[in-house]
file upload-v7.csv (CSV, C-alpha atoms and all ligand atoms)
chain,number,residue,atom,x,y,z
A,1,MET,CA,-10.5,-12.4,24.9
A,2,ASP,CA,-7.3,-14.3,24.2
A,3,SER,CA,-4.7,-13.1,21.8
A,4,VAL,CA,-4.4,-14.9,18.5
A,5,ILE,CA,-1.1,-16.7,18.3
A,6,PRO,CA,-0.2,-18.7,15.1
A,7,SER,CA,0.5,-22.3,16.0
A,8,GLN,CA,4.2,-22.1,15.2
A,9,TYR,CA,4.6,-19.4,17.9
A,10,ALA,CA,2.2,-21.1,20.3
A,11,VAL,CA,4.4,-24.3,20.3
A,12,ILE,CA,7.4,-22.3,21.2
A,13,LEU,CA,5.6,-20.5,24.0
A,14,SER,CA,4.0,-23.6,25.5
A,15,ALA,CA,7.4,-25.5,25.4
A,16,ALA,CA,8.9,-23.1,27.9
A,17,LYS,CA,7.5,-21.5,31.1
A,18,THR,CA,5.7,-18.5,29.8
A,19,PRO,CA,8.0,-15.6,30.5
A,20,PRO,CA,6.6,-12.5,32.2
A,21,VAL,CA,6.8,-10.4,29.0
A,22,VAL,CA,4.7,-12.9,27.2
A,23,ARG,CA,2.2,-13.2,30.0
A,24,ARG,CA,1.8,-9.4,30.0
A,25,LEU,CA,1.2,-9.5,26.3
A,26,LEU,CA,-1.3,-12.4,26.6
A,27,ASP,CA,-3.1,-10.5,29.3
A,28,ARG,CA,-3.8,-7.6,27.1
A,29,LYS,CA,-7.2,-7.5,25.5
A,30,ALA,CA,-6.3,-7.9,21.8
A,31,THR,CA,-7.8,-10.2,19.3
A,32,THR,CA,-5.3,-9.4,16.6
A,33,GLU,CA,-1.9,-9.3,18.3
A,34,THR,CA,0.7,-11.8,17.5
A,35,PHE,CA,4.4,-12.3,18.3
A,36,ARG,CA,7.6,-13.3,16.7
A,37,PHE,CA,11.2,-13.8,17.7
A,38,ALA,CA,13.4,-11.1,16.2
A,39,GLN,CA,16.9,-11.8,15.0
A,40,ASP,CA,18.3,-10.8,18.4
A,41,GLY,CA,16.1,-13.5,20.1
A,42,ASN,CA,13.8,-11.0,21.7
A,43,LEU,CA,10.1,-11.4,21.5
A,44,GLN,CA,8.4,-8.7,19.5
A,45,THR,CA,4.8,-8.0,18.8
A,46,MET,CA,3.7,-8.1,15.2
A,47,ASP,CA,1.2,-5.5,14.0
A,48,ALA,CA,-2.0,-6.9,12.7
A,49,ILE,CA,-2.9,-5.8,9.2
A,50,VAL,CA,-5.9,-6.3,6.9
A,51,ILE,CA,-5.6,-6.1,3.1
A,52,ILE,CA,-8.3,-4.2,1.4
A,53,GLY,CA,-9.1,-5.7,-1.9
A,54,GLY,CA,-8.3,-9.2,-3.2
A,55,GLY,CA,-7.1,-8.7,-6.8
A,56,GLY,CA,-3.8,-8.7,-8.5
A,57,HIS,CA,-2.4,-5.6,-6.8
A,58,ALA,CA,-3.3,-7.1,-3.4
A,59,LYS,CA,-1.3,-10.3,-4.2
A,60,VAL,CA,1.8,-8.2,-4.8
A,61,VAL,CA,1.2,-6.3,-1.6
A,62,VAL,CA,1.0,-9.6,0.3
A,63,CYS,CA,4.5,-10.6,-1.0
A,64,ILE,CA,5.9,-7.2,0.2
A,65,LEU,CA,4.3,-7.6,3.7
A,66,ARG,CA,5.7,-11.0,4.0
A,67,LYS,CA,9.2,-9.7,3.2
A,68,LEU,CA,8.8,-7.0,5.8
A,69,SER,CA,8.1,-9.6,8.5
A,70,GLN,CA,6.6,-6.9,10.6
A,71,TYR,CA,2.9,-7.6,10.1
A,72,HIS,CA,0.6,-10.4,11.0
A,73,ILE,CA,-1.7,-10.6,7.9
A,74,LEU,CA,-5.2,-11.3,9.2
A,75,GLY,CA,-6.8,-11.6,5.8
A,76,TYR,CA,-8.3,-9.5,3.0
A,77,THR,CA,-11.7,-7.9,2.5
A,78,ASP,CA,-13.4,-7.7,-0.8
A,79,LEU,CA,-16.8,-7.3,-2.4
A,80,SER,CA,-16.9,-11.0,-2.8
A,81,ASP,CA,-14.8,-14.1,-1.7
A,82,ASN,CA,-12.0,-14.5,-4.3
A,83,GLY,CA,-10.8,-17.6,-2.4
A,84,ASP,CA,-7.3,-17.9,-1.0
A,85,LEU,CA,-5.2,-14.9,-2.0
A,86,ALA,CA,-1.5,-16.0,-2.0
A,87,GLY,CA,-2.3,-17.9,1.2
A,88,VAL,CA,-4.3,-15.1,2.8
A,89,PRO,CA,-7.9,-15.9,3.8
A,90,TYR,CA,-11.0,-13.9,2.9
A,91,LEU,CA,-12.4,-12.1,5.9
A,92,GLY,CA,-15.6,-10.7,4.4
A,93,LEU,CA,-16.8,-7.2,3.4
A,94,ASP,CA,-15.1,-4.0,4.5
A,95,ARG,CA,-17.4,-3.7,7.5
A,96,LYS,CA,-15.4,-6.6,9.0
A,97,LEU,CA,-12.8,-4.0,9.8
A,98,ALA,CA,-15.0,-2.2,12.3
A,99,GLU,CA,-15.6,-5.5,14.1
A,100,LEU,CA,-11.9,-6.3,14.2
A,101,LYS,CA,-11.0,-2.8,15.4
A,102,ALA,CA,-13.5,-3.1,18.3
A,103,GLY,CA,-11.4,-5.9,19.7
A,104,THR,CA,-8.0,-4.4,19.5
A,105,GLU,CA,-6.1,-1.1,20.4
A,106,LYS,CA,-4.6,-0.8,16.9
A,107,LEU,CA,-5.5,-2.3,13.6
A,108,ASN,CA,-3.6,-1.5,10.4
A,109,ALA,CA,-4.9,-1.8,6.9
A,110,VAL,CA,-3.4,-1.4,3.5
A,111,LEU,CA,-5.4,-0.2,0.6
A,112,ALA,CA,-4.6,-2.7,-2.1
A,113,VAL,CA,-7.3,-1.9,-4.6
A,114,GLY,CA,-4.9,-0.6,-7.3
A,115,GLN,CA,-7.4,-0.4,-10.2
A,116,VAL,CA,-5.7,1.0,-13.2
A,117,GLY,CA,-7.3,4.5,-13.5
A,118,LEU,CA,-7.5,7.6,-11.4
A,119,GLY,CA,-7.3,7.4,-7.6
A,120,GLU,CA,-10.7,8.7,-6.7
A,121,ARG,CA,-12.0,5.2,-5.9
A,122,ARG,CA,-9.1,4.6,-3.5
A,123,CYS,CA,-9.7,7.9,-1.9
A,124,GLU,CA,-13.4,7.1,-1.4
A,125,LEU,CA,-12.6,3.8,0.1
A,126,TRP,CA,-10.1,5.3,2.5
A,127,THR,CA,-12.5,7.9,3.7
A,128,ARG,CA,-15.1,5.3,4.5
A,129,LEU,CA,-12.7,2.9,6.2
A,130,GLN,CA,-10.8,5.6,8.3
A,131,SER,CA,-14.0,6.3,10.2
A,132,CYS,CA,-13.7,3.0,12.1
A,133,GLY,CA,-10.3,4.0,13.5
A,134,VAL,CA,-8.1,1.8,11.3
A,135,SER,CA,-4.5,3.0,10.6
A,136,PHE,CA,-2.9,3.0,7.2
A,137,PRO,CA,0.9,2.8,7.6
A,138,LEU,CA,3.4,3.4,4.9
A,139,ILE,CA,4.2,0.1,3.3
A,140,ALA,CA,7.6,0.1,1.5
A,141,SER,CA,9.2,-2.9,0.1
A,142,PRO,CA,12.6,-3.7,1.5
A,143,ASP,CA,13.6,-4.2,-2.1
A,144,ALA,CA,12.9,-0.6,-3.0
A,145,ILE,CA,15.6,2.1,-2.7
A,146,ILE,CA,14.3,5.0,-0.7
A,147,ASN,CA,17.1,7.5,-0.2
A,148,GLU,CA,17.5,10.1,2.5
A,149,GLY,CA,15.3,13.1,2.6
A,150,VAL,CA,12.2,11.4,1.2
A,151,SER,CA,8.9,12.0,2.9
A,152,ALA,CA,5.9,9.8,2.4
A,153,ALA,CA,2.4,10.3,3.8
A,154,GLU,CA,0.3,7.5,5.4
A,155,GLY,CA,-1.1,4.8,3.2
A,156,THR,CA,1.6,5.1,0.6
A,157,VAL,CA,2.7,1.8,-0.9
A,158,VAL,CA,6.2,1.5,-2.5
A,159,MET,CA,6.7,-1.7,-4.5
A,160,ASP,CA,9.7,-3.7,-5.3
A,161,GLY,CA,12.6,-2.3,-7.3
A,162,SER,CA,11.4,1.3,-7.3
A,163,VAL,CA,13.9,4.1,-6.6
A,164,ILE,CA,12.9,7.3,-4.8
A,165,ASN,CA,15.5,10.0,-4.5
A,166,ILE,CA,16.3,12.8,-2.1
A,167,GLY,CA,13.7,15.6,-1.6
A,168,ALA,CA,10.8,13.6,-3.1
A,169,THR,CA,7.5,14.0,-1.3
A,170,LEU,CA,4.8,11.3,-1.7
A,171,GLY,CA,1.2,12.1,-0.8
A,172,ARG,CA,-1.3,10.1,1.0
A,173,GLY,CA,-2.3,6.8,-0.6
A,174,ALA,CA,0.2,7.1,-3.4
A,175,ILE,CA,1.3,3.9,-5.2
A,176,VAL,CA,4.9,3.8,-6.4
A,177,ASN,CA,4.7,0.7,-8.4
A,178,THR,CA,7.3,-1.9,-9.3
A,179,ASN,CA,10.5,-0.6,-10.8
A,180,SER,CA,9.4,2.9,-11.1
A,181,THR,CA,11.7,5.9,-10.5
A,182,ILE,CA,10.7,9.0,-8.6
A,183,GLU,CA,13.6,11.4,-8.9
A,184,HIS,CA,14.9,14.1,-6.6
A,185,ASP,CA,12.4,16.8,-5.5
A,186,VAL,CA,9.4,15.2,-7.2
A,187,GLU,CA,6.1,16.0,-5.5
A,188,LEU,CA,3.4,13.4,-5.8
A,189,ALA,CA,0.1,14.7,-4.5
A,190,ASP,CA,-2.4,12.4,-2.7
A,191,TRP,CA,-3.7,9.4,-4.5
A,192,VAL,CA,-1.2,9.5,-7.4
A,193,HIS,CA,-0.3,6.2,-8.9
A,194,VAL,CA,3.0,5.8,-10.7
A,195,ALA,CA,2.7,2.5,-12.6
A,196,PRO,CA,5.4,-0.1,-13.2
A,197,GLY,CA,8.5,1.1,-14.9
A,198,ALA,CA,7.5,4.7,-15.2
A,199,THR,CA,10.2,7.5,-14.7
A,200,VAL,CA,9.3,10.7,-13.0
A,201,SER,CA,12.3,13.0,-13.4
A,202,GLY,CA,13.7,15.6,-11.0
A,203,GLY,CA,11.4,18.4,-9.8
A,204,VAL,CA,8.2,17.1,-11.4
A,205,THR,CA,4.9,17.8,-9.6
A,206,VAL,CA,2.0,15.4,-10.1
A,207,GLY,CA,-1.5,16.6,-9.0
A,208,ARG,CA,-4.0,14.7,-6.9
A,209,PHE,CA,-5.6,11.5,-8.5
A,210,SER,CA,-3.3,11.5,-11.5
A,211,MET,CA,-1.7,8.4,-12.9
A,212,ILE,CA,1.5,8.0,-14.8
A,213,GLY,CA,1.1,4.8,-16.9
A,214,ALA,CA,3.5,1.9,-17.2
A,215,GLY,CA,6.8,2.8,-18.8
A,216,ALA,CA,5.9,6.4,-19.3
A,217,THR,CA,8.6,9.1,-18.9
A,218,VAL,CA,8.0,12.6,-17.5
A,219,ILE,CA,11.0,14.9,-18.2
A,220,GLU,CA,12.4,17.1,-15.5
A,221,GLY,CA,10.5,20.1,-14.0
A,222,ILE,CA,7.2,19.2,-15.6
A,223,LYS,CA,3.9,20.1,-13.8
A,224,ILE,CA,1.1,17.7,-14.2
A,225,ALA,CA,-2.4,18.8,-13.1
A,226,ALA,CA,-4.8,16.8,-11.0
A,227,ARG,CA,-6.8,14.0,-12.6
A,228,CYS,CA,-4.5,13.5,-15.6
A,229,MET,CA,-4.0,10.0,-16.9
A,230,VAL,CA,-0.7,9.6,-18.8
A,231,GLY,CA,-0.8,6.5,-21.0
A,232,ALA,CA,1.6,3.6,-21.0
A,233,GLY,CA,4.9,4.5,-22.7
A,234,ALA,CA,4.0,8.2,-23.2
A,235,THR,CA,6.7,10.8,-22.9
A,236,VAL,CA,5.6,14.0,-21.2
A,237,VAL,CA,7.7,17.0,-22.3
A,238,ASP,CA,5.2,19.9,-21.7
A,239,ASP,CA,3.2,20.8,-18.6
A,240,LEU,CA,-0.2,19.1,-18.5
A,241,THR,CA,-2.5,21.8,-17.3
A,242,GLU,CA,-5.9,20.3,-17.8
A,243,PRO,CA,-7.4,17.0,-16.5
A,244,GLY,CA,-7.5,14.4,-19.3
A,245,VAL,CA,-6.0,11.4,-21.0
A,246,TYR,CA,-2.6,12.0,-22.6
A,247,VAL,CA,-0.8,9.5,-24.8
A,248,GLY,CA,2.1,9.2,-27.2
A,249,SER,CA,5.6,10.8,-27.5
A,250,PRO,CA,5.4,13.7,-27.0
A,251,ALA,CA,2.2,13.1,-25.0
A,252,ARG,CA,-0.9,14.8,-26.4
A,253,ARG,CA,-4.4,15.0,-24.9
A,254,ILE,CA,-6.9,12.6,-26.6
A,255,ARG,CA,-9.9,13.1,-24.2
B,301,LIG,O1,-0.2,-3.2,-13.3
B,301,LIG,C1,0.0,-3.6,-12.2
B,301,LIG,C2,1.4,-4.0,-11.7
B,301,LIG,N1,-1.0,-3.8,-11.3
B,301,LIG,C3,-2.4,-3.5,-11.6
B,301,LIG,C4,-3.0,-2.8,-10.5
B,301,LIG,C5,-2.3,-1.4,-10.2
B,301,LIG,O2,-4.4,-2.5,-10.7
B,301,LIG,C6,-3.1,-4.9,-11.8
B,301,LIG,O3,-2.5,-5.6,-12.9
B,301,LIG,C7,-4.6,-4.7,-11.9
B,301,LIG,O4,-4.9,-4.3,-13.2
B,301,LIG,C8,-5.1,-3.7,-10.9
B,301,LIG,O5,-5.1,-4.5,-9.8
B,301,LIG,P1,-6.3,-4.5,-8.8
B,301,LIG,O6,-6.7,-3.2,-8.3
B,301,LIG,O7,-5.9,-5.6,-7.8
B,301,LIG,O8,-7.5,-5.0,-9.7
B,301,LIG,P2,-8.3,-6.3,-9.7
B,301,LIG,O9,-7.5,-7.5,-9.9
B,301,LIG,O10,-9.5,-6.0,-10.6
B,301,LIG,O11,-8.8,-6.3,-8.2
B,301,LIG,C9,-9.5,-5.3,-7.6
B,301,LIG,C10,-10.2,-6.0,-6.4
B,301,LIG,O12,-10.7,-5.0,-5.5
B,301,LIG,C11,-11.4,-6.8,-6.9
B,301,LIG,O13,-11.3,-8.1,-6.3
B,301,LIG,C12,-12.6,-6.0,-6.4
B,301,LIG,O14,-13.7,-6.7,-6.0
B,301,LIG,C13,-12.0,-5.3,-5.1
B,301,LIG,N2,-12.7,-4.1,-4.7
B,301,LIG,C14,-13.4,-3.2,-5.5
B,301,LIG,N3,-14.0,-2.3,-4.7
B,301,LIG,C15,-12.9,-3.9,-3.4
B,301,LIG,C16,-13.8,-2.7,-3.4
B,301,LIG,N4,-12.5,-4.5,-2.3
B,301,LIG,C17,-12.9,-3.9,-1.1
B,301,LIG,N5,-12.4,-4.5,0.0
B,301,LIG,N6,-13.7,-2.9,-1.0
B,301,LIG,C18,-14.2,-2.2,-2.1
B,301,LIG,O15,-14.9,-1.2,-2.0

call {"tool": "encode", "arguments": {"input": "upload-v7.csv", "output": "structure tokens", "more": "lines below"}}
Ligand code: JB3
result
Amino acid sequence: MDSVIPSQYAVILSAAKTPPVVRRLLDRKATTETFRFAQDGNLQTMDAIVIIGGGGHAKVVVCILRKLSQYHILGYTDLSDNGDLAGVPYLGLDRKLAELKAGTEKLNAVLAVGQVGLGERRCELWTRLQSCGVSFPLIASPDAIINEGVSAAEGTVVMDGSVINIGATLGRGAIVNTNSTIEHDVELADWVHVAPGATVSGGVTVGRFSMIGAGATVIEGIKIAARCMVGAGATVVDDLTEPGVYVGSPARRIR
């Protein structure tokens, strides 16, 4: 099958004699590969990526992917057709991924179902989709500050304006949302979501599936258990040892 080349690149390629490197790329069996000219003028392949989910969070992820200029966005999957998503077409249900993967060596996806709430839904989706061999790369906005000595697992998404400092560890599928701060030596377990504008101070640990709400502050050294929801604007000054919903300043458990 032929490679998919967006028209703007196809024009450039057909205008010149196809160089050997391009021919080699075109000869490869890939339905999802595309190319771009890098700043140094060399031709590079762009990685194909599918966006999972077509809501508000997905739109912001699209903007980040465009800034990265590293991915060719094939489209988004969703439970239903939400129409054009910031210029990205609807591909169908998630099972479309298996079909796309069958035609290419490598297919990337980004889990863009944010859903305000705990991360179990994202984890379930991931587990289902991984079985068809799709990769979930780390997607980090070029407008985030990620300092040295930070480690991030696959599928983590780091949004614009966030700051992540030395020694921080981000688990699989974590969301570090817009303008949030993850201070030095913080440990975010898998599927944690730090919402826009939240501050997680030095040495804090946040357990699996927990969410730190928009604008919340967690003071240094606090331990937050798995499945805790910290409400927007809350201030956490004591360890949260039980799953539950915590609101206010200082944060108290309400459910
Ligand atoms: O607060 C901020 C900055 N962002 C919020 C984000 C974290 O969460 C945002 O304001 C929203 O409140 C929420 O965004 P999200 O997750 O995009 O929510 P929503 O706009 O409701 O879109 C979720 C989309 O995921 C819907 O179109 C669902 O149909 C779709 N969805 C649900 N389950 C799914 C699945 N899509 C796929 N592909 N597969 C599923 O299983």

call {"tool": "residues_around", "arguments": {"input": "upload-v7.csv", "residues": "Ile219 of chain A", "least_positions_apart": "5", "cutoff": "9 Å", "atoms": "all atoms listed in the file", "output": "ChimeraX atom specification"}}
result
/A:199-202,204,235-238

call {"tool": "residues_around", "arguments": {"input": "upload-v7.csv", "residues": "Glu124 of chain A", "least_positions_apart": "4", "cutoff": "12 Å", "atoms": "all atoms listed in the file", "output": "PyMOL selection string"}}
result
chain A and resi 111+113+118-120+128-131+173+191+209

call {"tool": "write_last_selection", "arguments": {"input": "upload-v7.csv", "atoms": "C-alpha atoms", "output": "PDB file, in the frame of the given file"}}
result
ATOM      1  CA  LEU A 111      -5.400  -0.200   0.600  1.00  0.00           C
ATOM      2  CA  VAL A 113      -7.300  -1.900  -4.600  1.00  0.00           C
ATOM      3  CA  LEU A 118      -7.500   7.600 -11.400  1.00  0.00           C
ATOM      4  CA  GLY A 119      -7.300   7.400  -7.600  1.00  0.00           C
ATOM      5  CA  GLU A 120     -10.700   8.700  -6.700  1.00  0.00           C
ATOM      6  CA  ARG A 128     -15.100   5.300   4.500  1.00  0.00           C
ATOM      7  CA  LEU A 129     -12.700   2.900   6.200  1.00  0.00           C
ATOM      8  CA  GLN A 130     -10.800   5.600   8.300  1.00  0.00           C
ATOM      9  CA  SER A 131     -14.000   6.300  10.200  1.00  0.00           C
ATOM     10  CA  GLY A 173      -2.300   6.800  -0.600  1.00  0.00           C
ATOM     11  CA  TRP A 191      -3.700   9.400  -4.500  1.00  0.00           C
ATOM     12  CA  PHE A 209      -5.600  11.500  -8.500  1.00  0.00           C
TER      13      PHE A 209
END

call {"tool": "residues_near_ligand", "arguments": {"input": "upload-v7.csv", "ligand": "ligand LIG 301 (chain B)", "cutoff": "6 Å", "atoms": "only C-alpha atoms and all ligand atoms", "output": "PDB file with C-alpha atoms, keeping the file's coordinate frame"}}
result
ATOM      1  CA  ILE A  52      -8.300  -4.200   1.400  1.00  0.00           C
ATOM      2  CA  GLY A  53      -9.100  -5.700  -1.900  1.00  0.00           C
ATOM      3  CA  GLY A  54      -8.300  -9.200  -3.200  1.00  0.00           C
ATOM      4  CA  GLY A  55      -7.100  -8.700  -6.800  1.00  0.00           C
ATOM      5  CA  GLY A  56      -3.800  -8.700  -8.500  1.00  0.00           C
ATOM      6  CA  HIS A  57      -2.400  -5.600  -6.800  1.00  0.00           C
ATOM      7  CA  ALA A  58      -3.300  -7.100  -3.400  1.00  0.00           C
ATOM      8  CA  THR A  77     -11.700  -7.900   2.500  1.00  0.00           C
ATOM      9  CA  ASP A  78     -13.400  -7.700  -0.800  1.00  0.00           C
ATOM     10  CA  LEU A  79     -16.800  -7.300  -2.400  1.00  0.00           C
ATOM     11  CA  ASP A  94     -15.100  -4.000   4.500  1.00  0.00           C
ATOM     12  CA  VAL A 113      -7.300  -1.900  -4.600  1.00  0.00           C
ATOM     13  CA  GLY A 114      -4.900  -0.600  -7.300  1.00  0.00           C
ATOM     14  CA  GLN A 115      -7.400  -0.400 -10.200  1.00  0.00           C
ATOM     15  CA  VAL A 116      -5.700   1.000 -13.200  1.00  0.00           C
ATOM     16  CA  LEU A 125     -12.600   3.800   0.100  1.00  0.00           C
ATOM     17  CA  PRO A 196       5.400  -0.100 -13.200  1.00  0.00           C
TER      18      PRO A 196
END

call {"tool": "residues_around", "arguments": {"input": "upload-v7.csv", "residues": "segment 242-248 of chain A", "least_positions_apart": "5", "cutoff": "8 Å", "atoms": "all atoms listed in the file", "output": "ChimeraX atom specification"}}
result
/A:225-235,253-255

call {"tool": "residues_around", "arguments": {"input": "upload-v7.csv", "residues": "Pro137 of chain A", "least_positions_apart": "3", "cutoff": "8 Å", "atoms": "all atoms listed in the file", "output": "VMD selection string"}}
result
chain A and resid 108 to 110 154 to 156
